[in-house]
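Printed here is entry-v9.txt (compact mmCIF, C-alpha atoms):
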# COMPACT_ATOMS: atom_id res chain seq x y z
CA MET A 255 15.85 -9.18 -13.40
CA LYS A 256 18.45 -7.70 -11.02
CA VAL A 257 20.49 -6.32 -13.94
CA ARG A 258 17.37 -4.71 -15.38
CA LYS A 259 16.52 -3.16 -12.00
CA ASN A 260 20.05 -1.79 -11.59
CA LYS A 261 19.88 -0.33 -15.10
CA LYS A 262 16.55 1.33 -14.25
CA ASN A 263 17.99 2.82 -11.06
CA PHE A 264 21.03 4.07 -12.93
CA GLN A 265 18.83 5.74 -15.56
CA LEU A 266 16.69 7.33 -12.84
CA CYS A 267 19.80 8.61 -11.08
CA ILE A 268 21.16 10.16 -14.30
CA THR A 269 17.78 11.73 -15.14
CA LEU A 270 17.35 13.25 -11.68
CA SER A 271 20.96 14.49 -11.68
CA ILE A 272 20.36 16.31 -14.97
CA LEU A 273 17.08 17.78 -13.72
CA THR A 274 18.75 18.96 -10.50
CA VAL A 275 21.56 20.66 -12.41
CA ILE A 276 19.04 22.33 -14.75
CA SER A 277 16.89 23.54 -11.84
CA LEU A 278 19.94 24.92 -10.00
CA ILE A 279 21.14 26.75 -13.12
CA TYR A 280 17.63 28.08 -13.74
CA PHE A 281 17.24 29.32 -10.15
CA ILE A 282 20.73 30.82 -9.88
CA THR A 283 20.39 32.57 -13.25
CA ASN A 284 17.08 34.11 -12.19
CA PHE A 285 18.42 34.97 -8.75
CA THR A 286 21.36 36.94 -10.17
CA ASN A 287 18.80 39.15 -11.93
CA ILE A 288 16.29 39.26 -9.09
CA LYS A 289 16.67 43.01 -8.56
CA LYS A 290 16.13 43.73 -12.24
CA ASP A 291 12.64 45.23 -12.53
CA THR A 292 10.40 44.08 -15.38
CA TYR A 293 6.78 44.64 -16.39
CA THR A 294 6.03 41.19 -14.89
CA ALA A 295 7.59 41.75 -11.47
CA VAL A 296 9.24 44.58 -9.53
CA PHE A 297 11.69 43.58 -6.80
CA GLY A 298 10.10 44.05 -3.36
CA VAL A 299 6.81 45.41 -4.71
CA ASP A 300 4.81 43.50 -2.08
CA LEU A 301 7.33 43.98 0.71
CA ILE A 302 6.97 47.76 0.30
CA SER A 303 3.30 47.46 1.32
CA TYR A 304 4.23 45.79 4.65
CA TYR A 305 7.10 48.24 5.18
CA THR A 306 4.96 51.30 4.38
CA ALA A 307 2.08 50.17 6.59
CA ALA A 308 4.52 49.68 9.48
CA LYS A 309 5.96 53.16 8.82
CA LEU A 310 2.48 54.70 8.92
CA MET A 311 1.78 52.85 12.14
CA GLY A 312 4.96 54.32 13.63
CA THR A 313 3.95 57.88 12.70
CA GLY A 314 0.39 57.41 14.01
CA GLU A 315 -1.24 57.69 10.57
CA ILE A 316 -3.31 54.54 11.03
CA SER A 317 -6.21 55.77 8.91
CA GLU A 318 -3.92 55.60 5.86
CA ILE A 319 -2.85 51.94 6.28
CA TYR A 320 -5.79 50.41 4.44
CA ALA A 321 -5.74 52.46 1.25
CA GLU A 322 -8.97 52.90 -0.69
CA VAL A 323 -9.42 50.54 -3.65
CA ASN A 324 -9.28 52.47 -6.91
CA GLU A 325 -9.22 51.48 -10.59
CA ASP A 326 -6.15 49.27 -10.09
CA PHE A 327 -6.73 46.77 -7.28
CA SER A 328 -3.05 45.84 -7.03
CA ALA A 329 -1.63 49.35 -6.62
CA VAL A 330 -1.93 52.42 -4.40
CA ASN A 331 -1.20 55.46 -6.55
CA SER A 332 -2.25 58.34 -4.30
CA GLY A 333 -2.51 59.46 -0.67
CA ARG A 334 -0.14 59.14 2.29
CA PHE A 335 0.47 55.43 1.64
CA PHE A 336 1.81 56.23 -1.82
CA GLU A 337 3.84 59.21 -0.58
CA THR A 338 5.36 57.23 2.32
CA ALA A 339 6.45 54.45 -0.05
CA LYS A 340 8.05 57.04 -2.35
CA ASP A 341 9.81 58.71 0.59
CA SER A 342 11.25 55.29 1.52
CA GLY A 343 13.05 55.21 -1.84
CA PHE A 344 10.66 52.91 -3.71
CA LYS A 345 10.53 54.06 -7.34
CA PHE A 346 7.32 52.35 -8.41
CA THR A 347 3.68 52.26 -7.34
CA PRO A 348 3.33 50.22 -4.12
CA THR A 349 0.83 47.42 -3.62
CA ARG A 350 -1.72 47.62 -0.80
CA PHE A 351 -1.55 46.16 2.72
CA VAL A 352 -4.33 43.59 3.27
CA TYR A 353 -3.43 41.78 6.51
CA MET A 354 -4.73 41.98 10.05
CA PRO A 355 -2.98 44.78 12.03
CA VAL A 356 -1.25 42.28 14.36
CA PHE A 357 0.89 41.08 11.43
CA LEU A 358 2.52 44.51 11.28
CA ALA A 359 4.48 43.67 14.44
CA PRO A 360 7.41 41.83 12.76
CA PHE A 361 7.61 44.44 10.02
CA ASN A 362 7.94 47.21 12.61
CA LEU A 363 11.43 45.81 13.18
CA LEU A 364 12.32 46.45 9.54
CA THR A 365 11.37 50.13 9.62
CA GLY A 366 14.60 50.91 11.49
CA LEU A 367 16.41 50.03 8.26
CA SER A 368 16.28 51.71 4.88
CA PHE A 369 13.91 49.98 2.48
CA SER A 370 16.85 48.74 0.42
CA ALA A 371 18.45 47.10 3.48
CA ALA A 372 15.07 45.74 4.64
CA ALA A 373 14.50 44.18 1.19
CA ASP A 374 17.90 42.49 1.29
CA LEU A 375 17.25 41.13 4.78
CA TRP A 376 13.79 39.87 3.79
CA LEU A 377 15.30 38.23 0.72
CA MET A 378 17.82 36.36 2.88
CA LEU A 379 15.07 35.26 5.27
CA ASN A 380 13.01 33.93 2.36
CA LEU A 381 16.03 32.00 1.05
CA MET A 382 16.33 30.40 4.48
CA ILE A 383 12.62 29.52 4.34
CA ILE A 384 13.07 27.86 0.93
CA THR A 385 15.97 25.85 2.35
CA ALA A 386 13.82 24.81 5.32
CA VAL A 387 11.00 23.74 2.96
CA ILE A 388 13.39 21.58 0.93
CA VAL A 389 14.89 19.94 4.01
CA LEU A 390 11.44 19.27 5.51
CA GLN A 391 10.11 17.80 2.27
CA TRP A 392 13.20 15.59 2.08
CA HIS A 393 12.25 14.17 5.50
CA LEU A 394 8.60 13.83 4.49
CA THR A 395 9.42 11.65 1.46
CA ARG A 396 11.13 8.81 3.32
CA GLY A 397 10.39 5.49 1.69
CA MET A 398 10.16 6.97 -1.79
CA LEU A 399 13.77 6.67 -3.03
CA THR A 400 17.31 6.71 -1.63
CA PRO A 401 18.24 9.83 0.39
CA ALA A 402 20.33 11.26 -2.47
CA LEU A 403 17.59 10.74 -5.05
CA ARG A 404 14.97 12.22 -2.70
CA ALA A 405 17.14 15.30 -2.30
CA MET A 406 17.37 15.65 -6.08
CA VAL A 407 13.59 15.39 -6.42
CA VAL A 408 12.69 18.04 -3.82
CA ILE A 409 15.42 20.43 -5.00
CA SER A 410 14.32 20.12 -8.64
CA VAL A 411 10.61 20.44 -7.86
CA ASN A 412 11.06 23.65 -5.86
CA LEU A 413 13.86 25.48 -7.64
CA VAL A 414 12.35 25.01 -11.10
CA SER A 415 9.10 26.65 -9.93
CA PHE A 416 8.44 30.11 -11.35
CA PRO A 417 5.69 30.78 -8.74
CA LEU A 418 8.25 30.17 -5.97
CA PHE A 419 10.79 32.52 -7.57
CA TYR A 420 8.01 35.05 -8.23
CA ALA A 421 7.12 35.06 -4.51
CA LEU A 422 10.80 35.51 -3.67
CA LYS A 423 11.17 38.48 -6.03
CA LEU A 424 7.99 40.25 -4.94
CA GLY A 425 8.97 39.95 -1.26
CA GLN A 426 5.75 38.09 -0.50
CA THR A 427 4.77 36.20 2.69
CA THR A 428 3.72 33.22 0.55
CA LEU A 429 6.94 31.30 1.19
CA LEU A 430 6.36 31.57 4.94
CA ILE A 431 2.87 30.14 4.41
CA TYR A 432 4.36 27.39 2.21
CA LEU A 433 6.65 26.37 5.07
CA ALA A 434 3.76 26.54 7.56
CA VAL A 435 1.59 24.29 5.34
CA CYS A 436 4.45 21.76 5.11
CA LEU A 437 4.76 21.86 8.91
CA VAL A 438 1.00 21.31 9.35
CA TYR A 439 1.27 18.25 7.11
CA TYR A 440 4.26 16.97 9.11
CA CYS A 441 2.66 17.61 12.52
CA VAL A 442 -0.56 15.79 11.62
CA GLN A 443 1.43 12.80 10.37
CA LYS A 444 3.25 12.74 13.72
CA ASP A 445 -0.03 13.16 15.68
CA LYS A 446 1.05 16.57 16.94
CA ASN A 447 -2.42 17.98 16.44
CA THR A 448 -2.13 20.94 18.82
CA ALA A 449 0.97 22.23 17.03
CA ALA A 450 -0.70 21.64 13.67
CA GLY A 451 -3.74 23.63 14.81
CA ILE A 452 -1.63 26.56 15.99
CA LEU A 453 0.15 26.68 12.62
CA LEU A 454 -3.14 26.40 10.74
CA GLY A 455 -4.57 29.21 12.89
CA LEU A 456 -1.67 31.46 11.84
CA ILE A 457 -2.26 30.56 8.17
CA VAL A 458 -6.02 31.14 8.34
CA SER A 459 -5.49 34.51 10.05
CA MET A 460 -3.34 35.64 7.12
CA LYS A 461 -5.21 34.00 4.22
CA TYR A 462 -8.85 33.04 4.77
CA SER A 463 -9.22 30.55 1.93
CA PRO A 464 -7.53 27.74 3.97
CA LEU A 465 -10.62 27.75 6.23
CA LEU A 466 -11.64 24.75 4.12
CA PHE A 467 -8.86 22.86 5.92
CA VAL A 468 -10.72 23.47 9.20
CA ILE A 469 -13.80 21.80 7.71
CA TYR A 470 -11.67 18.88 6.50
CA PHE A 471 -10.03 18.29 9.89
CA LEU A 472 -13.41 18.62 11.60
CA TYR A 473 -14.74 15.99 9.19
CA ARG A 474 -11.77 13.75 10.05
CA LYS A 475 -12.56 14.24 13.79
CA LYS A 476 -9.30 16.06 14.53
CA TYR A 477 -11.07 18.04 17.25
CA ARG A 478 -7.94 19.04 19.15
CA LEU A 479 -6.45 20.44 15.95
CA VAL A 480 -9.61 22.40 15.12
CA ILE A 481 -9.90 23.80 18.66
CA SER A 482 -6.25 24.91 18.73
CA CYS A 483 -6.68 26.47 15.27
CA LEU A 484 -9.76 28.47 16.27
CA THR A 485 -8.17 29.41 19.59
CA THR A 486 -5.04 30.69 17.83
CA THR A 487 -7.16 32.75 15.44
CA ALA A 488 -9.17 34.19 18.34
CA VAL A 489 -5.98 35.01 20.29
CA LEU A 490 -4.52 36.82 17.27
CA ILE A 491 -7.69 38.89 16.86
CA ILE A 492 -7.70 39.82 20.57
CA LEU A 493 -3.97 40.60 20.44
CA SER A 494 -4.51 42.75 17.36
CA ILE A 495 -7.23 44.76 19.11
CA THR A 496 -5.14 45.06 22.31
CA LEU A 497 -1.99 46.25 20.52
CA TYR A 498 -3.49 48.46 17.83
CA GLY A 499 -6.94 49.41 19.10
CA LEU A 500 -10.46 48.61 17.98
CA PRO A 501 -10.80 51.44 15.40
CA LEU A 502 -7.94 50.14 13.21
CA ASN A 503 -9.23 46.57 13.42
CA LYS A 504 -12.73 47.75 12.47
CA MET A 505 -11.16 49.44 9.46
CA TYR A 506 -9.51 46.14 8.56
CA TRP A 507 -12.75 44.14 8.77
CA HIS A 508 -14.64 46.74 6.70
CA TYR A 509 -11.76 46.72 4.22
CA LEU A 510 -11.85 42.93 4.03
CA THR A 511 -15.61 43.03 3.39
CA ASP A 512 -15.11 45.50 0.55
CA LEU A 513 -12.37 43.36 -1.03
CA SER A 514 -14.42 40.16 -0.81
CA GLY A 515 -16.83 41.31 -3.50
CA ILE A 516 -14.13 42.17 -6.02
CA GLY A 517 -13.24 40.01 -9.01
CA ILE A 518 -9.78 40.24 -10.61
CA ALA A 519 -9.24 39.08 -14.20
CA GLY A 520 -5.52 39.96 -14.38
CA TRP A 521 -3.15 37.26 -15.64
CA SER A 522 -1.56 36.70 -12.23
CA ASN A 523 -4.86 35.51 -10.75
CA GLN A 524 -5.04 31.77 -11.47
CA SER A 525 -8.34 30.88 -9.83
CA LEU A 526 -11.51 29.45 -11.34
CA TYR A 527 -13.19 32.84 -10.85
CA ALA A 528 -10.44 34.62 -12.79
CA LEU A 529 -10.71 32.13 -15.65
CA LEU A 530 -14.46 32.80 -15.94
CA LEU A 531 -13.94 36.58 -15.81
CA ARG A 532 -11.28 36.44 -18.51
CA GLN A 533 -13.40 34.25 -20.79
CA PHE A 534 -16.85 35.73 -20.32
CA THR A 535 -16.28 39.45 -19.69
CA SER A 536 -14.44 42.20 -21.54
CA ALA A 537 -11.97 42.62 -18.67
CA ASN A 538 -8.36 43.33 -19.67
CA ALA A 539 -6.18 40.35 -18.74
CA LEU A 540 -3.10 42.57 -18.38
CA LEU A 541 -4.69 44.84 -15.79
CA PHE A 542 -5.88 44.27 -12.22
CA ASN A 543 -8.96 46.43 -12.30
CA PRO A 544 -11.84 45.29 -10.05
CA VAL A 545 -14.51 43.51 -12.09
CA THR A 546 -18.13 42.96 -11.10
CA ALA A 547 -19.33 39.58 -12.33
CA GLY A 548 -22.80 39.01 -13.68
CA LEU A 549 -25.26 36.75 -11.88
CA TRP A 550 -24.75 33.77 -14.19
CA ILE A 551 -20.94 33.93 -13.85
CA SER A 552 -21.31 33.97 -10.06
CA LEU A 553 -23.73 31.04 -10.18
CA LEU A 554 -21.38 29.10 -12.46
CA ARG A 555 -18.41 29.83 -10.22
CA TYR A 556 -20.17 28.75 -7.02
CA GLY A 557 -21.75 25.76 -8.74
CA VAL A 558 -18.43 24.41 -10.03
CA ALA A 559 -16.71 25.10 -6.70
CA LEU A 560 -19.48 23.31 -4.79
CA ALA A 561 -19.33 20.37 -7.20
CA ILE A 562 -15.55 20.03 -6.69
CA VAL A 563 -15.79 20.16 -2.89
CA THR A 564 -18.77 17.77 -2.81
CA ALA A 565 -17.08 15.23 -5.11
CA MET A 566 -13.91 15.41 -3.04
CA PHE A 567 -15.60 14.87 0.32
CA HIS A 568 -17.78 12.14 -1.15
CA LEU A 569 -14.60 10.34 -2.17
CA PHE A 570 -13.12 10.89 1.29
CA SER A 571 -16.25 9.38 2.86
CA ARG A 572 -15.66 6.07 1.08
CA CYS A 573 -12.49 5.45 3.09
CA ARG A 574 -13.00 3.41 6.27
CA ASP A 575 -11.59 4.75 9.53
CA GLU A 576 -8.82 2.13 9.70
CA ASN A 577 -7.58 3.14 6.24
CA ILE A 578 -7.51 6.90 6.73
CA LYS A 579 -3.86 7.23 7.79
CA PRO A 580 -2.32 5.75 4.60
CA LEU A 581 -4.54 8.05 2.51
CA TYR A 582 -3.95 11.18 4.60
CA PRO A 583 -1.10 12.48 2.36
CA LEU A 584 -3.29 12.34 -0.74
CA GLU A 585 -6.24 13.92 1.04
CA PHE A 586 -4.04 16.75 2.34
CA SER A 587 -2.64 17.28 -1.15
CA ALA A 588 -6.13 17.35 -2.65
CA MET A 589 -7.20 19.99 -0.12
CA ILE A 590 -4.31 22.27 -1.12
CA LEU A 591 -5.14 21.96 -4.81
CA CYS A 592 -8.88 22.42 -4.24
CA ILE A 593 -8.34 25.62 -2.23
CA LEU A 594 -6.07 27.03 -4.95
CA ILE A 595 -8.72 26.32 -7.60
CA ILE A 596 -11.86 27.61 -5.89
CA SER A 597 -10.49 30.65 -4.04
CA PRO A 598 -11.67 33.97 -5.53
CA VAL A 599 -8.07 35.13 -5.83
CA THR A 600 -5.16 32.75 -6.35
CA TRP A 601 -2.14 34.86 -7.20
CA LEU A 602 0.48 33.07 -9.26
CA HIS A 603 2.91 32.97 -6.34
CA TYR A 604 0.33 31.02 -4.28
CA LEU A 605 0.95 28.13 -6.68
CA SER A 606 4.29 27.59 -4.94
CA LEU A 607 2.22 25.30 -2.72
CA THR A 608 1.60 22.91 -5.61
CA GLY A 609 5.20 21.80 -5.04
CA LEU A 610 4.12 19.96 -1.88
CA SER A 611 1.12 18.39 -3.63
CA PHE A 612 3.24 17.23 -6.55
CA ILE A 613 5.84 15.70 -4.21
CA ILE A 614 3.11 13.91 -2.24
CA ILE A 615 1.62 12.48 -5.45
CA ILE A 616 5.00 11.34 -6.82
CA ALA A 617 6.08 9.95 -3.43
CA PHE A 618 2.85 7.97 -3.21
CA CYS A 619 3.42 6.49 -6.67
CA LEU A 620 7.09 5.63 -6.11
CA LYS A 621 6.81 3.93 -2.73
CA LYS A 622 7.89 0.32 -2.90
CA GLU A 623 4.52 -1.05 -1.80
CA SER A 624 2.54 1.25 -4.11
CA LEU A 625 0.38 -0.28 -6.82
CA MET A 626 0.27 3.04 -8.68
CA GLN A 627 3.71 3.00 -10.28
CA THR A 628 2.24 3.41 -13.74
CA PRO A 629 3.93 5.63 -16.35
CA ALA A 630 0.57 7.23 -17.22
CA VAL A 631 -0.04 8.49 -13.66
CA ILE A 632 3.50 9.80 -13.26
CA PHE A 633 3.46 11.43 -16.72
CA THR A 634 0.11 13.11 -16.03
CA SER A 635 1.38 14.46 -12.70
CA ILE A 636 4.57 15.81 -14.29
CA THR A 637 2.55 17.40 -17.11
CA GLY A 638 0.24 19.11 -14.62
CA TYR A 639 3.15 20.43 -12.58
CA CYS A 640 4.97 21.68 -15.68
CA LEU A 641 1.88 23.67 -16.67
CA VAL A 642 1.93 25.29 -13.23
CA VAL A 643 5.62 26.13 -12.88
CA PHE A 644 6.74 27.21 -16.35
CA HIS A 645 5.94 30.82 -17.14
CA PRO A 646 5.58 31.96 -20.76
CA ASP A 647 5.84 35.67 -21.59
CA TYR A 648 2.13 36.44 -21.33
CA HIS A 649 2.55 40.13 -22.17
CA ARG A 650 4.34 39.38 -25.43
CA LEU A 651 1.80 36.66 -26.25
CA LEU A 652 -1.11 39.07 -25.80
CA ALA A 653 0.69 41.80 -27.72
CA VAL A 654 1.15 39.45 -30.69
CA THR A 655 -2.16 37.58 -30.67
CA GLY A 656 -4.45 40.08 -28.98
CA GLN A 657 -6.83 39.24 -26.13
CA ASN A 658 -8.98 36.52 -27.63
CA CYS A 659 -10.45 33.35 -26.11
CA PHE A 660 -7.45 31.25 -27.07
CA SER A 661 -4.79 33.60 -25.70
CA LYS A 662 -6.76 33.98 -22.46
CA LEU A 663 -6.83 30.19 -22.13
CA ILE A 664 -3.04 30.14 -22.59
CA ILE A 665 -2.78 32.64 -19.73
CA SER A 666 -4.72 30.16 -17.57
CA LEU A 667 -2.30 27.24 -18.10
CA PRO A 668 -1.23 27.25 -14.42
CA PHE A 669 -4.91 26.92 -13.45
CA PHE A 670 -5.35 23.96 -15.81
CA GLY A 671 -2.16 22.40 -14.45
CA THR A 672 -3.57 22.65 -10.93
CA CYS A 673 -6.81 21.02 -12.12
CA LEU A 674 -4.83 18.21 -13.76
CA LEU A 675 -2.91 17.60 -10.52
CA LEU A 676 -6.16 17.53 -8.53
CA THR A 677 -7.74 15.08 -11.01
CA THR A 678 -4.71 12.78 -10.76
CA ASN A 679 -4.73 13.10 -6.98
CA LEU A 680 -8.41 12.15 -6.67
CA TRP A 681 -7.98 9.27 -9.12
CA LEU A 682 -5.18 7.88 -6.91
CA ILE A 683 -7.45 8.11 -3.86
CA LYS A 684 -10.26 6.34 -5.71
CA LYS A 685 -8.01 3.53 -6.97
CA THR A 686 -6.38 3.10 -3.57
CA ILE A 687 -9.73 2.87 -1.79
CA GLY A 688 -10.76 0.26 -4.38
CA ASN A 689 -7.75 -1.87 -3.42
CA TYR A 690 -8.78 -2.03 0.25
CA PRO A 691 -10.83 -5.05 1.33

What's the structure tokens form of this structure?
Amino acid sequence: MKVRKNKKNFQLCITLSILTVISLIYFITNFTNIKKDTYTAVFGVDLISYYTAAKLMGTGEISEIYAEVNEDFSAVNSGRFFETAKDSGFKFTPTRFVYMPVFLAPFNLLTGLSFSAAADLWLMLNLMIITAVIVLQWHLTRGMLTPALRAMVVISVNLVSFPLFYALKLGQTTLLIYLAVCLVYYCVQKDKNTAAGILLGLIVSMKYSPLLFVIYFLYRKKYRLVISCLTTTAVLIILSITLYGLPLNKMYWHYLTDLSGIGIAGWSNQSLYALLLRQFTSANALLFNPVTAGLWISLLRYGVALAIVTAMFHLFSRCRDENIKPLYPLEFSAMILCILIISPVTWLHYLSLTGLSFIIIIAFCLKKESLMQTPAVIFTSITGYCLVVFHPDYHRLLAVTGQNCFSKLIISLPFFGTCLLLTTNLWLIKKTIGNYP
């Protein structure tokens, strides 16, 4: 028995070593070409929106910060926003700025640099964030495997992820949110609910979809966390008005209202809503034009979303109070996956966050006391994550096959991978609850 166990451990060590080497080669190869612009991603195309908005703030042209939505939701191709981006040396069409004015403050510091230098600095900061995520996840997975094997797992899971690299190349804030979500998870596990609430407040103020987390923590009676979250959000709104004035903030809220009614069928949107728009409208999956959904698509979208949330909270309700803590990791993971699925817009780089969910699921299965160490569960989880993180050439696929139902389903593989991870996650919760007396 001992010989067999040692052989198993040796095989696991060899497998993880190979996966780590492959993930490092994959990441380093992509990183060496990160500044090479392609039709899929332009280096710093999202950073230029933050940089340009901060520049306009500095020159007093605040009315130009929230550019009008035109035929292409993702791009600003006219006006002072466009001209300012061009004057900064950006060769392509910039994306639009969609955050609360207060979040311009850190980017004001970058405007003293050329855009090229600012992009390099932001790239280095994001690399540091990725390193911090890996180190934090290594600490969070104690009890799963030996320290060396845990390091191999978290390195492989993150560096093999195309959504993570995509966020890095675009110059997105997603990696900062990824780190913040990992810290919320850590703080709640350590009963640091005030700190967790502050972090969640920052996240919610940037991306509103995680508001579902507030409902979850309220349901779990984490009142201090919820209060600190709402207080942080309120403080940021007041600070935004104090620093930048009420008119600009009114523009932001009107802008946000206008954006909330827009559907995007472009390939980079991996939400349930996008899947329905791609399948049941004539929208072009290669473009990011705003799409107005019909009544029945809207009803289907909200119906499915409500069914997912209801089923999830019904499952949570079956866990007794004394058993909540052991199941908290799986519940947190399920919340991440649910939010990614039901949000109206889930850009591909948002799926970086599935890395944490996947690690939580695998860690839960591989713990020594776990009863879920079944090959089927682990295989299903790995399959789901692979669907999320591997990125086929969608443009070439559509050019060869045309935009038919099948090719549009292929485009939605990351969405289906997220659904598979959520299904596995909820099944683990159900089985674990069933094992409690």

- Place a sphere of radius 6 Å on (6.1, 51.7, 2.3) in the file coordinates and name every protein, DNA or RNA residue with an atom inside or on its surface, counting all atoms listed in the file; give the answer as a PyMOL selection string. chain A and resi 302-303+305-306+338-339

Neighbour list for Ala449 (chain A) as a tab-separated table (two decimals) with C-alpha atoms, in the frame of the given file, cut-off 12 Å, only C-alpha atoms, skip fewer than 5 positions in-chain:
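Below you can see part01.tsv, which holds the result:
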chain	number	residue	atom	x	y	z
A	434	ALA	CA	3.76	26.54	7.56
A	435	VAL	CA	1.59	24.29	5.34
A	437	LEU	CA	4.76	21.86	8.91
A	438	VAL	CA	1.00	21.31	9.35
A	439	TYR	CA	1.27	18.25	7.11
A	440	TYR	CA	4.26	16.97	9.11
A	441	CYS	CA	2.66	17.61	12.52
A	442	VAL	CA	-0.56	15.79	11.62
A	443	GLN	CA	1.43	12.80	10.37
A	444	LYS	CA	3.25	12.74	13.72
A	454	LEU	CA	-3.14	26.40	10.74
A	455	GLY	CA	-4.57	29.21	12.89
A	456	LEU	CA	-1.67	31.46	11.84
A	478	ARG	CA	-7.94	19.04	19.15
A	479	LEU	CA	-6.45	20.44	15.95
A	480	VAL	CA	-9.61	22.40	15.12
A	481	ILE	CA	-9.90	23.80	18.66
A	482	SER	CA	-6.25	24.91	18.73
A	483	CYS	CA	-6.68	26.47	15.27
A	485	THR	CA	-8.17	29.41	19.59
A	486	THR	CA	-5.04	30.69	17.83

Find the nearest atom pair between each residue of region 395-492 of chain A and region 370-391 of chain A for residues within 12 Å, count only C-alpha atoms, give distances in Å to one decimal, sort rows by chain and ascending number, and present the table as CSV.
residue,atom,partner,partner_atom,distance
A:Thr395,CA,A:Gln391,CA,6.2
A:Arg396,CA,A:Gln391,CA,9.1
A:Met398,CA,A:Gln391,CA,11.6
A:Pro401,CA,A:Val389,CA,11.2
A:Arg404,CA,A:Gln391,CA,8.9
A:Ala405,CA,A:Ile388,CA,8.0
A:Met406,CA,A:Ile388,CA,10.0
A:Val407,CA,A:Ile388,CA,9.6
A:Val408,CA,A:Ile388,CA,6.0
A:Ile409,CA,A:Ile388,CA,6.4
A:Ser410,CA,A:Ile388,CA,9.7
A:Val411,CA,A:Ile388,CA,9.3
A:Asn412,CA,A:Ile388,CA,7.5
A:Leu413,CA,A:Ile384,CA,8.9
A:Ser415,CA,A:Ile384,CA,11.6
A:Leu418,CA,A:Ile384,CA,8.7
A:Phe419,CA,A:Ile384,CA,10.0
A:Tyr420,CA,A:Asn380,CA,11.8
A:Ala421,CA,A:Asn380,CA,9.1
A:Leu422,CA,A:Asn380,CA,6.6
A:Lys423,CA,A:Leu377,CA,7.9
A:Leu424,CA,A:Leu377,CA,9.5
A:Gly425,CA,A:Leu377,CA,6.9
A:Gln426,CA,A:Asn380,CA,8.8
A:Thr427,CA,A:Asn380,CA,8.6
A:Thr428,CA,A:Asn380,CA,9.5
A:Leu429,CA,A:Asn380,CA,6.7
A:Leu430,CA,A:Ile383,CA,6.6
A:Ile431,CA,A:Ile383,CA,9.8
A:Tyr432,CA,A:Val387,CA,7.6
A:Leu433,CA,A:Val387,CA,5.5
A:Ala434,CA,A:Val387,CA,9.0
A:Val435,CA,A:Val387,CA,9.7
A:Cys436,CA,A:Val387,CA,7.2
A:Leu437,CA,A:Leu390,CA,7.9
A:Val438,CA,A:Leu390,CA,11.3
A:Tyr439,CA,A:Gln391,CA,10.1
A:Tyr440,CA,A:Leu390,CA,8.4
A:Cys441,CA,A:Leu390,CA,11.4

Selected residues written out, C-alpha atoms, as a PDB file, in the coordinates of the input:
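Full text of selection-v1.pdb as output:
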ATOM      1  CA  THR A 395       9.420  11.650   1.460  1.00  0.00           C
ATOM      2  CA  ARG A 396      11.130   8.810   3.320  1.00  0.00           C
ATOM      3  CA  MET A 398      10.160   6.970  -1.790  1.00  0.00           C
ATOM      4  CA  PRO A 401      18.240   9.830   0.390  1.00  0.00           C
ATOM      5  CA  ARG A 404      14.970  12.220  -2.700  1.00  0.00           C
ATOM      6  CA  ALA A 405      17.140  15.300  -2.300  1.00  0.00           C
ATOM      7  CA  MET A 406      17.370  15.650  -6.080  1.00  0.00           C
ATOM      8  CA  VAL A 407      13.590  15.390  -6.420  1.00  0.00           C
ATOM      9  CA  VAL A 408      12.690  18.040  -3.820  1.00  0.00           C
ATOM     10  CA  ILE A 409      15.420  20.430  -5.000  1.00  0.00           C
ATOM     11  CA  SER A 410      14.320  20.120  -8.640  1.00  0.00           C
ATOM     12  CA  VAL A 411      10.610  20.440  -7.860  1.00  0.00           C
ATOM     13  CA  ASN A 412      11.060  23.650  -5.860  1.00  0.00           C
ATOM     14  CA  LEU A 413      13.860  25.480  -7.640  1.00  0.00           C
ATOM     15  CA  SER A 415       9.100  26.650  -9.930  1.00  0.00           C
ATOM     16  CA  LEU A 418       8.250  30.170  -5.970  1.00  0.00           C
ATOM     17  CA  PHE A 419      10.790  32.520  -7.570  1.00  0.00           C
ATOM     18  CA  TYR A 420       8.010  35.050  -8.230  1.00  0.00           C
ATOM     19  CA  ALA A 421       7.120  35.060  -4.510  1.00  0.00           C
ATOM     20  CA  LEU A 422      10.800  35.510  -3.670  1.00  0.00           C
ATOM     21  CA  LYS A 423      11.170  38.480  -6.030  1.00  0.00           C
ATOM     22  CA  LEU A 424       7.990  40.250  -4.940  1.00  0.00           C
ATOM     23  CA  GLY A 425       8.970  39.950  -1.260  1.00  0.00           C
ATOM     24  CA  GLN A 426       5.750  38.090  -0.500  1.00  0.00           C
ATOM     25  CA  THR A 427       4.770  36.200   2.690  1.00  0.00           C
ATOM     26  CA  THR A 428       3.720  33.220   0.550  1.00  0.00           C
ATOM     27  CA  LEU A 429       6.940  31.300   1.190  1.00  0.00           C
ATOM     28  CA  LEU A 430       6.360  31.570   4.940  1.00  0.00           C
ATOM     29  CA  ILE A 431       2.870  30.140   4.410  1.00  0.00           C
ATOM     30  CA  TYR A 432       4.360  27.390   2.210  1.00  0.00           C
ATOM     31  CA  LEU A 433       6.650  26.370   5.070  1.00  0.00           C
ATOM     32  CA  ALA A 434       3.760  26.540   7.560  1.00  0.00           C
ATOM     33  CA  VAL A 435       1.590  24.290   5.340  1.00  0.00           C
ATOM     34  CA  CYS A 436       4.450  21.760   5.110  1.00  0.00           C
ATOM     35  CA  LEU A 437       4.760  21.860   8.910  1.00  0.00           C
ATOM     36  CA  VAL A 438       1.000  21.310   9.350  1.00  0.00           C
ATOM     37  CA  TYR A 439       1.270  18.250   7.110  1.00  0.00           C
ATOM     38  CA  TYR A 440       4.260  16.970   9.110  1.00  0.00           C
ATOM     39  CA  CYS A 441       2.660  17.610  12.520  1.00  0.00           C
TER      40      CYS A 441
END
